[in-house]
file coords-v5.txt (compact mmCIF, C-alpha atoms)
# COMPACT_ATOMS: atom_id res chain seq x y z
CA MET A 1 -141.00 3.95 -103.89
CA SER A 2 -139.67 0.50 -104.69
CA ARG A 3 -136.48 0.67 -106.73
CA THR A 4 -136.59 -2.99 -107.86
CA ARG A 5 -139.02 -5.75 -108.78
CA LEU A 6 -138.79 -9.38 -109.84
CA VAL A 7 -137.65 -9.67 -113.44
CA ALA A 8 -140.27 -10.81 -115.98
CA LEU A 9 -140.06 -12.21 -119.51
CA ASP A 10 -141.68 -8.96 -120.66
CA ASP A 11 -138.47 -7.16 -119.59
CA ALA A 12 -136.47 -8.81 -122.40
CA PRO A 13 -136.91 -5.94 -124.93
CA ASP A 14 -135.91 -3.28 -122.38
CA LEU A 15 -132.92 -5.25 -121.08
CA ALA A 16 -131.73 -6.09 -124.61
CA ALA A 17 -131.95 -2.42 -125.62
CA LEU A 18 -130.10 -1.32 -122.47
CA LEU A 19 -127.35 -3.90 -122.97
CA ARG A 20 -126.91 -2.99 -126.65
CA ALA A 21 -126.78 0.74 -125.87
CA ASP A 22 -124.28 0.21 -123.02
CA ARG A 23 -122.28 -2.65 -124.51
CA ALA A 24 -119.00 -0.69 -124.61
CA PHE A 25 -119.64 0.93 -121.21
CA LEU A 26 -120.30 -2.43 -119.49
CA ALA A 27 -117.66 -4.49 -121.35
CA PRO A 28 -114.79 -3.78 -118.89
CA PHE A 29 -116.92 -5.10 -116.00
CA GLU A 30 -118.70 -8.07 -117.60
CA PRO A 31 -117.78 -11.50 -118.94
CA ALA A 32 -117.25 -11.62 -122.71
CA ARG A 33 -120.65 -12.13 -124.36
CA ASP A 34 -121.62 -13.40 -127.80
CA ASP A 35 -123.84 -11.26 -130.00
CA ALA A 36 -126.94 -13.37 -129.23
CA TYR A 37 -126.83 -12.22 -125.59
CA PHE A 38 -127.67 -8.66 -126.66
CA THR A 39 -130.83 -9.64 -128.53
CA GLU A 40 -134.38 -9.83 -127.27
CA ALA A 41 -134.34 -13.62 -127.74
CA GLY A 42 -131.05 -13.84 -125.86
CA GLN A 43 -132.43 -11.87 -122.95
CA ARG A 44 -135.58 -14.01 -122.91
CA ARG A 45 -133.31 -17.05 -122.45
CA VAL A 46 -131.34 -15.31 -119.69
CA ILE A 47 -134.54 -14.27 -117.91
CA ALA A 48 -136.17 -17.71 -118.30
CA ASN A 49 -133.07 -19.33 -116.79
CA ALA A 50 -133.03 -16.81 -113.93
CA LEU A 51 -136.73 -17.43 -113.24
CA GLU A 52 -136.11 -21.20 -113.18
CA GLN A 53 -133.38 -20.63 -110.58
CA HIS A 54 -135.78 -18.38 -108.66
CA ALA A 55 -138.42 -21.14 -108.64
CA ALA A 56 -135.77 -23.56 -107.36
CA GLY A 57 -134.83 -21.10 -104.59
CA THR A 58 -131.25 -20.59 -105.76
CA ALA A 59 -131.56 -17.05 -107.16
CA HIS A 60 -133.59 -13.89 -106.75
CA PRO A 61 -133.38 -11.92 -110.04
CA ARG A 62 -134.73 -8.36 -110.16
CA VAL A 63 -134.65 -5.31 -112.40
CA ILE A 64 -133.69 -1.83 -111.25
CA LEU A 65 -136.21 0.90 -112.02
CA ASP A 66 -135.80 4.61 -112.67
CA ASP A 67 -138.09 7.14 -110.99
CA ASP A 68 -140.56 6.80 -113.87
CA GLY A 69 -140.59 2.99 -113.67
CA ARG A 70 -138.31 2.35 -116.66
CA VAL A 71 -135.86 -0.55 -116.44
CA VAL A 72 -132.35 0.88 -116.02
CA GLY A 73 -130.50 -2.13 -114.65
CA ARG A 74 -130.46 -5.56 -113.16
CA ILE A 75 -129.67 -6.87 -109.67
CA THR A 76 -129.54 -10.49 -108.61
CA LEU A 77 -128.97 -12.55 -105.51
CA SER A 78 -127.42 -15.74 -106.88
CA GLY A 79 -125.92 -18.92 -105.52
CA ILE A 80 -128.41 -18.95 -102.66
CA GLU A 81 -127.35 -21.71 -100.28
CA ARG A 82 -129.40 -22.94 -97.36
CA GLY A 83 -128.47 -25.19 -94.46
CA PRO A 84 -125.76 -23.91 -92.14
CA PHE A 85 -124.44 -21.40 -94.73
CA GLN A 86 -127.61 -19.30 -95.44
CA SER A 87 -125.68 -17.14 -97.89
CA CYS A 88 -125.71 -15.72 -101.42
CA ARG A 89 -123.81 -13.52 -103.86
CA LEU A 90 -124.96 -10.13 -105.09
CA GLY A 91 -124.40 -8.74 -108.57
CA TYR A 92 -125.82 -5.69 -110.30
CA LEU A 93 -125.47 -3.31 -113.21
CA VAL A 94 -126.97 0.10 -113.95
CA SER A 95 -127.10 1.71 -117.39
CA GLN A 96 -124.58 4.42 -118.15
CA HIS A 97 -127.22 7.14 -118.43
CA ALA A 98 -128.58 6.27 -114.97
CA ASN A 99 -125.18 6.10 -113.23
CA GLY A 100 -124.34 8.55 -110.45
CA ARG A 101 -127.93 9.12 -109.31
CA GLY A 102 -128.01 6.75 -106.32
CA LEU A 103 -130.07 4.08 -108.11
CA ALA A 104 -127.55 1.29 -107.47
CA THR A 105 -127.21 2.30 -103.82
CA SER A 106 -130.99 2.24 -103.34
CA ALA A 107 -131.39 -1.04 -105.24
CA VAL A 108 -128.64 -2.76 -103.24
CA GLY A 109 -130.22 -1.59 -99.97
CA GLU A 110 -133.62 -2.86 -101.05
CA VAL A 111 -132.34 -6.25 -102.20
CA VAL A 112 -130.22 -6.75 -99.07
CA GLY A 113 -133.45 -6.15 -97.14
CA VAL A 114 -135.09 -8.93 -99.19
CA ALA A 115 -132.12 -11.22 -98.51
CA PHE A 116 -132.25 -10.75 -94.75
CA GLY A 117 -136.04 -10.37 -94.48
CA GLU A 118 -138.10 -12.36 -96.97
CA LEU A 119 -135.35 -14.90 -97.75
CA GLY A 120 -134.04 -15.20 -94.18
CA LEU A 121 -130.39 -15.32 -95.24
CA HIS A 122 -127.45 -14.71 -92.91
CA ARG A 123 -124.83 -13.31 -95.30
CA VAL A 124 -124.59 -11.54 -98.66
CA GLU A 125 -121.27 -11.46 -100.52
CA ALA A 126 -120.27 -9.21 -103.42
CA GLY A 127 -117.09 -8.72 -105.40
CA THR A 128 -115.81 -5.85 -107.53
CA LEU A 129 -112.84 -5.40 -109.78
CA LEU A 130 -109.95 -3.83 -107.86
CA ASP A 131 -110.34 -0.50 -109.69
CA ASN A 132 -114.16 -0.33 -109.59
CA VAL A 133 -114.22 2.25 -106.82
CA ARG A 134 -117.76 3.45 -107.62
CA SER A 135 -119.21 -0.01 -107.06
CA GLN A 136 -117.14 -0.42 -103.89
CA ARG A 137 -118.68 2.81 -102.56
CA VAL A 138 -122.19 1.51 -103.32
CA LEU A 139 -121.47 -1.58 -101.24
CA GLU A 140 -119.86 0.37 -98.39
CA ARG A 141 -122.84 2.77 -98.24
CA ASN A 142 -124.99 -0.31 -97.74
CA GLY A 143 -122.98 -1.65 -94.80
CA PHE A 144 -120.78 -4.12 -96.68
CA VAL A 145 -117.32 -4.70 -95.25
CA ARG A 146 -114.25 -5.54 -97.31
CA PHE A 147 -112.82 -8.88 -96.26
CA GLY A 148 -110.26 -9.85 -98.84
CA ILE A 149 -108.88 -10.04 -102.34
CA ALA A 150 -109.67 -13.01 -104.58
CA PRO A 151 -106.95 -13.52 -107.19
CA ALA A 152 -108.19 -14.45 -110.67
CA TYR A 153 -111.76 -14.56 -109.29
CA LEU A 154 -113.82 -14.07 -112.45
CA ARG A 155 -113.18 -14.08 -116.18
CA ILE A 156 -114.06 -10.50 -117.11
CA ALA A 157 -113.67 -9.12 -120.63
CA GLY A 158 -111.79 -12.30 -121.56
CA GLU A 159 -109.25 -12.21 -118.72
CA TRP A 160 -109.12 -13.71 -115.22
CA ARG A 161 -109.35 -10.68 -112.97
CA ASP A 162 -108.70 -10.12 -109.27
CA HIS A 163 -111.64 -8.89 -107.19
CA VAL A 164 -112.12 -7.16 -103.86
CA LEU A 165 -114.57 -9.20 -101.78
CA PHE A 166 -117.20 -7.63 -99.56
CA GLN A 167 -119.78 -9.10 -97.24
CA ARG A 168 -122.67 -8.02 -95.13
CA VAL A 169 -123.95 -10.20 -92.32
CA SER A 170 -127.49 -10.00 -91.00
CA GLU A 171 -127.58 -7.73 -87.95
CA GLU A 172 -129.71 -10.27 -86.06
CA ALA A 173 -126.97 -12.86 -86.44
CA ALA A 174 -123.90 -10.61 -86.30
CA PRO A 175 -121.63 -11.27 -83.33
CA ARG A 176 -121.63 -8.48 -80.77
CA VAL A 177 -118.35 -7.03 -79.60
CA ARG A 178 -118.31 -6.45 -75.84
call {"tool": "encode", "arguments": {"input": "coords-v5.txt", "output": "structure tokens"}}
result
Amino acid sequence: MSRTRLVALDDAPDLAALLRADRAFLAPFEPARDDAYFTEAGQRRVIANALEQHAAGTAHPRVILDDDGRVVGRITLSGIERGPFQSCRLGYLVSQHANGRGLATSAVGEVVGVAFGELGLHRVEAGTLLDNVRSQRVLERNGFVRFGIAPAYLRIAGEWRDHVLFQRVSEEAAPRVR
């Protein structure tokens, strides 16, 4: 069963409800957001922007689905760069009630497959807060390798926060150790 699908404008009510319900749970991991972000109209704007980036080839925005097909999260390949780089960044979130069930691990695996297959990318990068061990485990279970620490990498919850950086390189292009 597919764990993700391309986001659609019709997902705005579900995403807005999820984000409102999990606002406190997600706040330590997310940029500070104004109240409009948590509304249906706010999510329609977010989705419309993501779909414009998708049409331009610079993002691949998807939703994460529960076993019954309900939207329980979001996962995006962003900053897609072509040319000699052939790389992107991965970000995701899963609702609090769906945490700990392997949904993020499955979704990351599926989307990395899209990155290396359908999109033909060479490298996927992801970052986590230093203390976000659960997200680090999701990445490691999907073959990501830690390659550094980025000081003051993202402004999270109103503060510039350090992040652990991970990457996964396409197996077809990975150098072979002999």
call {"tool": "residues_around", "arguments": {"input": "coords-v5.txt", "residues": "Ala107 in chain A", "least_positions_apart": "4", "cutoff": "12 Å", "atoms": "only C-alpha atoms", "output": "MDAnalysis selection string"}}
result
chainID A and resid 1:5 62:66 72:77 90:94 101:103 111:114 138:139 141:142
call {"tool": "residues_around", "arguments": {"input": "coords-v5.txt", "residues": "range 144-149 of chain A", "least_positions_apart": "5", "cutoff": "6 Å", "atoms": "all atoms listed in the file", "output": "list of chain:residue names"}}
result
A:Leu139, A:His163, A:Val164, A:Leu165, A:Phe166, A:Gln167, A:Arg168
call {"tool": "write_last_selection", "arguments": {"input": "coords-v5.txt", "atoms": "C-alpha atoms", "output": "JSON list (two decimals), keeping the file's coordinate frame"}}
result
[["chain", "number", "residue", "atom", "x", "y", "z"],
["A", 139, "LEU", "CA", -121.47, -1.58, -101.24],
["A", 163, "HIS", "CA", -111.64, -8.89, -107.19],
["A", 164, "VAL", "CA", -112.12, -7.16, -103.86],
["A", 165, "LEU", "CA", -114.57, -9.20, -101.78],
["A", 166, "PHE", "CA", -117.20, -7.63, -99.56],
["A", 167, "GLN", "CA", -119.78, -9.10, -97.24],
["A", 168, "ARG", "CA", -122.67, -8.02, -95.13]]
call {"tool": "closest_residue", "arguments": {"input": "coords-v5.txt", "among": "A:Arg82, A:Leu6, A:Ala56, A:Val71", "to": "His97 in chain A", "atoms": "all atoms listed in the file"}}
result
A:Val71
call {"tool": "closest_residue", "arguments": {"input": "coords-v5.txt", "among": "A:Asp22, A:Glu171, A:Asp162, A:Glu52", "to": "Gly120 in chain A", "atoms": "all atoms listed in the file"}}
result
A:Glu171
call {"tool": "closest_residue", "arguments": {"input": "coords-v5.txt", "among": "A:Arg23, A:Arg44, A:His60, A:Arg70", "to": "Ala98 in chain A", "atoms": "all atoms listed in the file"}}
result
A:Arg70
call {"tool": "closest_residue", "arguments": {"input": "coords-v5.txt", "among": "A:Asp10, A:Glu110, A:Glu125, A:Glu30", "to": "Ile156 in chain A", "atoms": "only C-alpha atoms"}}
result
A:Glu30
call {"tool": "closest_residue", "arguments": {"input": "coords-v5.txt", "among": "A:Arg89, A:Arg134, A:Arg45, A:Arg33", "to": "Leu9 in chain A", "atoms": "all atoms listed in the file"}}
result
A:Arg45
call {"tool": "atom_distance", "arguments": {"input": "coords-v5.txt", "atom1": "CA of Glu140 in chain A", "atom2": "CA of Gly117 in chain A"}}
result
19.8 Å
call {"tool": "atom_distance", "arguments": {"input": "coords-v5.txt", "atom1": "CA of Ala157 in chain A", "atom2": "CA of Ala27 in chain A"}}
result
6.2 Å
call {"tool": "axis_aligned_box", "arguments": {"input": "coords-v5.txt", "around": "range 65-69 of chain A", "padding_each_side": "4 Å", "output": "JSON"}}
result
{"center_x": -138.2, "center_y": 4.0, "center_z": -112.4, "size_x": 12.8, "size_y": 14.2, "size_z": 10.9}
